[in-house]
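*Asks:* Here you go, one structure.
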Amino acid sequence: MEIRDRVVELRRVRAKDLIPNKKNWRRHPKVQTKTLRGLLDEIGIAAALLARELPDGRLQLVDGHLRSEMMPDELVPVLVLDLNEGEADKLLLTLDPLAGMATADSERLVALLDSVRTDDPAIQALLDDLRAQEGLLLGNLNDLADPEPQIDKAEELRSKWGTEAGQLWQAGPHRLVCGDSRDPDTIRRLWDGG
């Protein structure tokens, strides 16, 4: 299969000269705007906006609306794509959901979170949120069946088998922990911090 390269060129364009796409379905809450402002202040422009050239030569945004709105007088990098309207619509519709399908490598995420520093409160809040999500190694534990603990037989089983919360057993490559499966610390211990 041959994959087409649809990037025509990289141009520097004044952001206010880019035409917003009226079909843009993404909305940007204040917290996202504040976080992006913090990243722009700390790092600067680090990604190109995506646009397609219209028949009259103007550039219509496909991706990067918020960045364009936040710095209208700046020259921004724009990847000009050779797309027709239907292809641009497909890209506009799928970029964010496709990126959202990625899963986290917990070990790498923790290492990266431990190494990154910021003075910006909005960026720090985003990093704190990522760290909190990392604690839910098995996905969103709040979405698991029955949030109420099933403790009606816990005492009976503890006395029968002599188990205590916090005990950990290893059988070959398998690990078993006695504890609350909704507790991120218990899950972290089960996965040996990974």
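Chain labels follow the order of the structure tokens: the first chain is A, the next B, and so on; residue numbering restarts at 1 in every chain, and ligands are counted from 1 in their shown order.
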Using only C-alpha atoms, which protein or nucleic acid residues come within 12 Å of range 121-137 of chain A? Drop anything in the same chain fewer than 3 positions from it, and give the result as a ChimeraX atom specification.

*Replies:* /A:30-43,103-118,140-144,181-194

*Asks:* Can you tell me which residues surround Leu49 in chain A at a distance of at most 9 Å, considering only C-alpha atoms, apart from same-chain residues fewer than 6 positions away, and format the answer as a list in words?

*Replies:*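 Here the qualifying residues turn out to be Leu61, Val62, Asp63, Gly64, His65, Arg67, Ser68, Val76, Pro77, Val78, Leu79 and Val80 of chain A.
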
*Asks:* Counting only C-alpha atoms, what is within 12 Å of Pro55 in chain A, bar same-chain residues fewer than 4 positions away, as a PyMOL selection string?

*Replies:* chain A and resi 59-60+82-85

*Asks:* Could you write out, as a count of residues only, all the residues of chain A that DSSP marks as strand (DSSP E or B)?

*Replies:* 34

*Asks:* Which one is closest to Leu91 in chain A: A:Ala51, A:Cys178, A:Met70, A:Ala165? Count only C-alpha atoms.

*Replies:*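 Of the candidates, the smallest distance to Leu91 in chain A is held by A:Ala51.
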
*Asks:* Separation of CA of Asp17 in chain A and CA of Pro29 in chain A, in Å?

*Replies:* 23.4 Å

*Asks:* Can you pull out every residue within 10 Å of Lys23 in chain A, counting only C-alpha atoms, but drop anything in the same chain fewer than 5 positions away, and send it as an MDAnalysis selection string?

*Replies:* chainID A and resid 62 89 92:93
